[in-house]
Amino acid sequence: MSAFVSQSLEPGSFEAPASGTFCIGFSAKRAVLEPQIRSLRLVADEDEVLDISTLQREFPTVLVERAGSCNPHDVVIDDFAWRGAFDFCPFDETIAQARSSSIAVRGIDAAGVACEVMARYQRLVVRRNRASSTVLFDAVLDAHAALFDSSDPVIETDFEHALDTWQWMLRMDADAGLVPQLAALFHDVDRLAGDTQERIEHRAHRSLDGAPMKEGGERAASVLRLAGVAEQDVVRVRDLIAGRVQGEKDAALLDDADGLSFLSLLSPRYADYFGLAQTRRKATFTLGRLSPAAREKVALLRLRPDVDRLVQSA
């Protein structure tokens, strides 16, 4: 664990707190049931000006507060460690092992760093709106999570990307309807049918209505029907996933959410797997998919330095 990214609690001193205050390690699957990041504490000098308006706009369900020091149980991230790091793995490991629902970010640009941190871990916030705050959507989330084997790191990454895409969709459109939210969750479900060690993402753009996308759409439709989703909504979700819906708001929203999730969450692993030349092509394609409003969100991300250079050049 990094010296600058830590669970403040000393080893051996943990006591079971009141219900709902702590987690036994953050998990995307547990986050489906209950949000695991609930609050952000910004730790800065009293004379430091902190603008939290962006944080409040982007993450309205998270409590943001200013403090003079960290609490004993906070997950602590220092601004210079976050901004100076090439590798996100120490941060990811710390978040995965966290026992607190509060993250403390300390430093001169605590608000800016907190926004970047939350972008990477927003899947643990599980923000919802009216369309997704229903018993039906709970059933869909359970059925969706059951498709993914969390013991396989590649499959677990796919699951995290699905949740992250969903969360990006709600950041782009707080009033997104049921159908696009379901499409965000299931948009890459076709990957589960293949070899997890054999990825085809190096193809910058799968052909519309291609076989994998059709299979993914049909698999999603089967799961949604069993969960009790109305048939007209099932068909619409299937067609969105299969690429049959083009030039419409829901399709553009899904493209934005998927593209932003790739940049903010998947791009480091993609670069390691496929190399920088292909990552440059992928970054160029991804930015080209994004709407002007989505491109503005890229400025709120902390990209890995090598990926950031490729994005800037694209």
# chains A, B, ... in the order shown; residues from 1 in each chain; ligands from 1
>>> closest_atom_pairs(of="segment 240-302 of chain A", to="segment 73-96 of chain A", cutoff="12 Å", atoms="only C-alpha atoms", output="CSV")
residue,atom,partner,partner_atom,distance
A:Ser264,CA,A:Phe88,CA,11.3
A:Leu265,CA,A:Phe88,CA,10.0
A:Leu266,CA,A:Phe88,CA,11.2
A:Ser267,CA,A:Phe88,CA,11.3
A:Pro268,CA,A:Asp87,CA,8.4
A:Arg269,CA,A:Phe88,CA,10.2
A:Asp272,CA,A:Asp87,CA,11.2
A:Leu301,CA,A:Arg83,CA,11.0
A:Arg302,CA,A:Arg83,CA,7.6
>>> write_last_selection(atoms="N, CA and C atoms", output="JSON list (two decimals), in the first residue's frame")
[["chain", "number", "residue", "atom", "x", "y", "z"],
["A", 264, "SER", "N", -11.66, 6.92, -18.81],
["A", 264, "SER", "CA", -11.42, 7.13, -17.38],
["A", 264, "SER", "C", -11.04, 5.85, -16.65],
["A", 265, "LEU", "N", -11.54, 4.70, -17.10],
["A", 265, "LEU", "CA", -11.33, 3.47, -16.34],
["A", 265, "LEU", "C", -10.49, 2.42, -17.06],
["A", 266, "LEU", "N", -10.71, 2.23, -18.35],
["A", 266, "LEU", "CA", -10.10, 1.10, -19.05],
["A", 266, "LEU", "C", -8.82, 1.44, -19.80],
["A", 267, "SER", "N", -8.59, 2.71, -20.10],
["A", 267, "SER", "CA", -7.50, 3.06, -21.01],
["A", 267, "SER", "C", -6.11, 2.59, -20.55],
["A", 268, "PRO", "N", -5.76, 2.62, -19.25],
["A", 268, "PRO", "CA", -4.43, 2.13, -18.88],
["A", 268, "PRO", "C", -4.22, 0.65, -19.21],
["A", 269, "ARG", "N", -5.21, -0.16, -18.89],
["A", 269, "ARG", "CA", -5.09, -1.59, -19.17],
["A", 269, "ARG", "C", -5.10, -1.85, -20.67],
["A", 272, "ASP", "N", -1.63, -1.13, -21.99],
["A", 272, "ASP", "CA", -0.69, -2.18, -21.62],
["A", 272, "ASP", "C", -0.89, -3.42, -22.49],
["A", 301, "LEU", "N", -10.91, 14.31, -15.94],
["A", 301, "LEU", "CA", -10.30, 13.00, -15.71],
["A", 301, "LEU", "C", -8.82, 13.12, -15.41],
["A", 302, "ARG", "N", -8.31, 12.19, -14.63],
["A", 302, "ARG", "CA", -6.87, 12.03, -14.46],
["A", 302, "ARG", "C", -6.49, 10.81, -15.28]]
>>> residues_around(residues="Val237 of chain A", least_positions_apart="3", cutoff="8 Å", atoms="only C-alpha atoms", output="ChimeraX atom specification")
/A:179-180,182-183,217,220-221,233-234,240-241
>>> write_last_selection(atoms="N, CA and C atoms", output="PDB file, in the first residue's frame")
ATOM      1  N   VAL A 179     -34.643   2.521 -20.451  1.00  0.00           N
ATOM      2  CA  VAL A 179     -34.042   1.790 -21.569  1.00  0.00           C
ATOM      3  C   VAL A 179     -32.557   2.108 -21.754  1.00  0.00           C
ATOM      4  N   PRO A 180     -32.140   3.378 -21.854  1.00  0.00           N
ATOM      5  CA  PRO A 180     -30.711   3.621 -22.014  1.00  0.00           C
ATOM      6  C   PRO A 180     -29.880   3.160 -20.819  1.00  0.00           C
ATOM      7  N   LEU A 182     -30.495   0.524 -18.953  1.00  0.00           N
ATOM      8  CA  LEU A 182     -30.346  -0.925 -19.120  1.00  0.00           C
ATOM      9  C   LEU A 182     -29.340  -1.241 -20.229  1.00  0.00           C
ATOM     10  N   ALA A 183     -29.379  -0.480 -21.300  1.00  0.00           N
ATOM     11  CA  ALA A 183     -28.422  -0.693 -22.389  1.00  0.00           C
ATOM     12  C   ALA A 183     -26.998  -0.434 -21.913  1.00  0.00           C
ATOM     13  N   GLY A 217     -27.099  -8.572 -27.693  1.00  0.00           N
ATOM     14  CA  GLY A 217     -28.452  -8.048 -27.586  1.00  0.00           C
ATOM     15  C   GLY A 217     -29.453  -9.125 -27.208  1.00  0.00           C
ATOM     16  N   ALA A 220     -28.887 -10.166 -23.513  1.00  0.00           N
ATOM     17  CA  ALA A 220     -29.453  -9.144 -22.630  1.00  0.00           C
ATOM     18  C   ALA A 220     -30.966  -9.258 -22.590  1.00  0.00           C
ATOM     19  N   ALA A 221     -31.589  -9.470 -23.755  1.00  0.00           N
ATOM     20  CA  ALA A 221     -33.048  -9.579 -23.825  1.00  0.00           C
ATOM     21  C   ALA A 221     -33.551 -10.733 -22.973  1.00  0.00           C
ATOM     22  N   ASP A 233     -39.690  -2.546 -23.897  1.00  0.00           N
ATOM     23  CA  ASP A 233     -38.410  -2.034 -23.407  1.00  0.00           C
ATOM     24  C   ASP A 233     -37.285  -3.021 -23.695  1.00  0.00           C
ATOM     25  N   VAL A 234     -37.567  -4.300 -23.574  1.00  0.00           N
ATOM     26  CA  VAL A 234     -36.577  -5.330 -23.884  1.00  0.00           C
ATOM     27  C   VAL A 234     -36.122  -5.202 -25.332  1.00  0.00           C
ATOM     28  N   LEU A 240     -30.597  -1.302 -29.213  1.00  0.00           N
ATOM     29  CA  LEU A 240     -29.517  -0.354 -28.874  1.00  0.00           C
ATOM     30  C   LEU A 240     -28.184  -1.094 -28.777  1.00  0.00           C
ATOM     31  N   ILE A 241     -28.182  -2.217 -28.083  1.00  0.00           N
ATOM     32  CA  ILE A 241     -26.948  -2.985 -27.903  1.00  0.00           C
ATOM     33  C   ILE A 241     -26.455  -3.541 -29.232  1.00  0.00           C
TER      34      ILE A 241
END
>>> select_by_dssp(residues="segment 58-299 of chain A", states="helix (DSSP H, G or I)", output="PyMOL selection string")
chain A and resi 58+79-84+89-97+110-124+130-132+135-145+153-172+178-186+189-193+211-227+231-241+249-274+276-289+292-298
>>> residues_around(residues="segment 143-147 of chain A", least_positions_apart="5", cutoff="9 Å", atoms="only C-alpha atoms", output="number ranges by chain")
A: 29, 32, 138, 159, 185-186, 189, 192, 220, 223-224, 226-227
>>> residues_around(residues="Glu58 of chain A", least_positions_apart="3", cutoff="7 Å", atoms="only C-alpha atoms", output="NGL selection string")
:A and (54-55 or 171)
>>> closest_residue(among="A:Arg38, A:Met172, A:Ala314, A:Glu65", to="Asp250 of chain A", atoms="only C-alpha atoms")
A:Met172
>>> residues_around(residues="Trp166 of chain A", least_positions_apart="2", cutoff="7 Å", atoms="only C-alpha atoms", output="VMD selection string")
chain A and resid 162 to 164 168 to 170 181 184 to 185
>>> decode(residues="segment 68-192 of chain A", atoms="C-alpha atoms", output="short mmCIF file (atom, residue, chain, number, x, y, z; two decimals), in the first residue's frame")
data_model
loop_
_atom_site.label_atom_id
_atom_site.label_comp_id
_atom_site.auth_asym_id
_atom_site.auth_seq_id
_atom_site.Cartn_x
_atom_site.Cartn_y
_atom_site.Cartn_z
CA GLY A 68 -8.94 20.74 8.70
CA SER A 69 -7.78 17.15 9.13
CA CYS A 70 -8.64 13.58 8.17
CA ASN A 71 -10.78 11.34 10.32
CA PRO A 72 -9.15 8.18 11.72
CA HIS A 73 -11.10 5.86 9.42
CA ASP A 74 -10.82 7.84 6.17
CA VAL A 75 -9.27 6.46 3.03
CA VAL A 76 -6.65 9.18 2.47
CA ILE A 77 -5.35 10.31 -0.91
CA ASP A 78 -2.73 13.05 -1.14
CA ASP A 79 -2.95 15.35 -4.13
CA PHE A 80 0.75 15.14 -5.03
CA ALA A 81 0.67 11.33 -4.90
CA TRP A 82 -2.38 11.16 -7.16
CA ARG A 83 -1.15 13.72 -9.67
CA GLY A 84 2.40 12.38 -9.69
CA ALA A 85 1.59 8.70 -10.12
CA PHE A 86 2.01 6.81 -13.37
CA ASP A 87 0.37 3.64 -12.10
CA PHE A 88 -3.15 3.63 -10.59
CA CYS A 89 -2.73 0.14 -9.10
CA PRO A 90 -1.75 1.32 -5.58
CA PHE A 91 -4.86 3.49 -5.47
CA ASP A 92 -7.05 0.71 -6.86
CA GLU A 93 -5.70 -1.74 -4.26
CA THR A 94 -6.27 0.71 -1.43
CA ILE A 95 -9.83 1.36 -2.53
CA ALA A 96 -10.45 -2.39 -2.86
CA GLN A 97 -9.23 -2.93 0.72
CA ALA A 98 -11.00 0.09 2.19
CA ARG A 99 -13.14 -0.25 5.30
CA SER A 100 -14.59 3.24 5.30
CA SER A 101 -17.31 4.85 3.23
CA SER A 102 -15.44 8.17 3.33
CA ILE A 103 -12.52 9.32 1.16
CA ALA A 104 -10.35 12.20 2.31
CA VAL A 105 -8.37 14.12 -0.29
CA ARG A 106 -5.78 16.50 1.07
CA GLY A 107 -3.61 19.10 -0.59
CA ILE A 108 -3.64 22.36 -2.47
CA ASP A 109 -6.00 21.15 -5.20
CA ALA A 110 -8.10 18.84 -3.06
CA ALA A 111 -11.32 19.63 -4.95
CA GLY A 112 -9.81 18.98 -8.39
CA VAL A 113 -8.15 15.77 -7.29
CA ALA A 114 -11.34 14.59 -5.58
CA CYS A 115 -13.25 15.02 -8.82
CA GLU A 116 -10.67 12.89 -10.66
CA VAL A 117 -10.69 10.25 -7.92
CA MET A 118 -14.46 10.02 -7.98
CA ALA A 119 -14.45 9.63 -11.76
CA ARG A 120 -12.30 6.53 -11.41
CA TYR A 121 -14.32 5.02 -8.56
CA GLN A 122 -17.84 6.29 -9.28
CA ARG A 123 -19.08 2.72 -9.81
CA LEU A 124 -18.97 2.45 -6.01
CA VAL A 125 -21.41 5.34 -5.65
CA VAL A 126 -24.22 3.67 -7.67
CA ARG A 127 -26.12 6.86 -8.30
CA ARG A 128 -29.70 6.34 -9.46
CA ASN A 129 -32.59 8.43 -10.73
CA ARG A 130 -36.35 7.89 -10.78
CA ALA A 131 -36.21 5.34 -13.60
CA SER A 132 -33.62 3.19 -11.79
CA SER A 133 -34.90 3.57 -8.21
CA THR A 134 -37.42 0.74 -8.49
CA VAL A 135 -37.84 -2.85 -7.40
CA LEU A 136 -37.64 -3.84 -11.07
CA PHE A 137 -34.25 -2.20 -11.49
CA ASP A 138 -33.02 -3.91 -8.31
CA ALA A 139 -33.95 -7.23 -9.88
CA VAL A 140 -32.13 -6.29 -13.09
CA LEU A 141 -29.00 -5.32 -11.15
CA ASP A 142 -29.02 -8.66 -9.33
CA ALA A 143 -29.51 -10.59 -12.58
CA HIS A 144 -26.80 -8.55 -14.30
CA ALA A 145 -24.26 -9.08 -11.50
CA ALA A 146 -24.92 -12.83 -11.56
CA LEU A 147 -23.60 -12.99 -15.13
CA PHE A 148 -20.07 -12.04 -14.05
CA ASP A 149 -17.55 -14.32 -12.38
CA SER A 150 -15.71 -12.06 -9.93
CA SER A 151 -12.92 -14.63 -9.54
CA ASP A 152 -11.79 -13.86 -13.11
CA PRO A 153 -10.01 -10.47 -13.16
CA VAL A 154 -10.90 -9.83 -16.80
CA ILE A 155 -14.58 -10.57 -16.21
CA GLU A 156 -14.54 -8.44 -13.07
CA THR A 157 -13.13 -5.57 -15.13
CA ASP A 158 -15.98 -6.02 -17.62
CA PHE A 159 -18.45 -5.81 -14.74
CA GLU A 160 -16.84 -2.65 -13.38
CA HIS A 161 -16.93 -1.11 -16.86
CA ALA A 162 -20.64 -1.90 -17.16
CA LEU A 163 -21.41 -0.16 -13.86
CA ASP A 164 -19.11 2.72 -14.74
CA THR A 165 -20.80 3.19 -18.12
CA TRP A 166 -24.15 3.32 -16.33
CA GLN A 167 -22.83 5.94 -13.92
CA TRP A 168 -21.40 8.03 -16.77
CA MET A 169 -24.79 7.92 -18.45
CA LEU A 170 -26.40 9.46 -15.37
CA ARG A 171 -23.67 12.10 -15.22
CA MET A 172 -24.41 13.00 -18.83
CA ASP A 173 -28.18 12.93 -18.40
CA ALA A 174 -29.57 12.91 -14.86
CA ASP A 175 -33.01 12.14 -16.29
CA ALA A 176 -31.96 9.20 -18.48
CA GLY A 177 -34.79 6.74 -18.95
CA LEU A 178 -34.97 3.07 -18.09
CA VAL A 179 -34.04 1.79 -21.57
CA PRO A 180 -30.71 3.62 -22.01
CA GLN A 181 -29.69 2.76 -18.45
CA LEU A 182 -30.35 -0.92 -19.12
CA ALA A 183 -28.42 -0.69 -22.39
CA ALA A 184 -25.47 0.84 -20.52
CA LEU A 185 -25.38 -2.09 -18.11
CA PHE A 186 -25.64 -4.77 -20.81
CA HIS A 187 -23.87 -3.11 -23.76
CA ASP A 188 -20.79 -5.38 -23.66
CA VAL A 189 -22.43 -8.56 -22.43
CA ASP A 190 -21.41 -10.31 -25.67
CA ARG A 191 -17.87 -10.49 -24.30
CA LEU A 192 -18.94 -13.05 -21.72
#
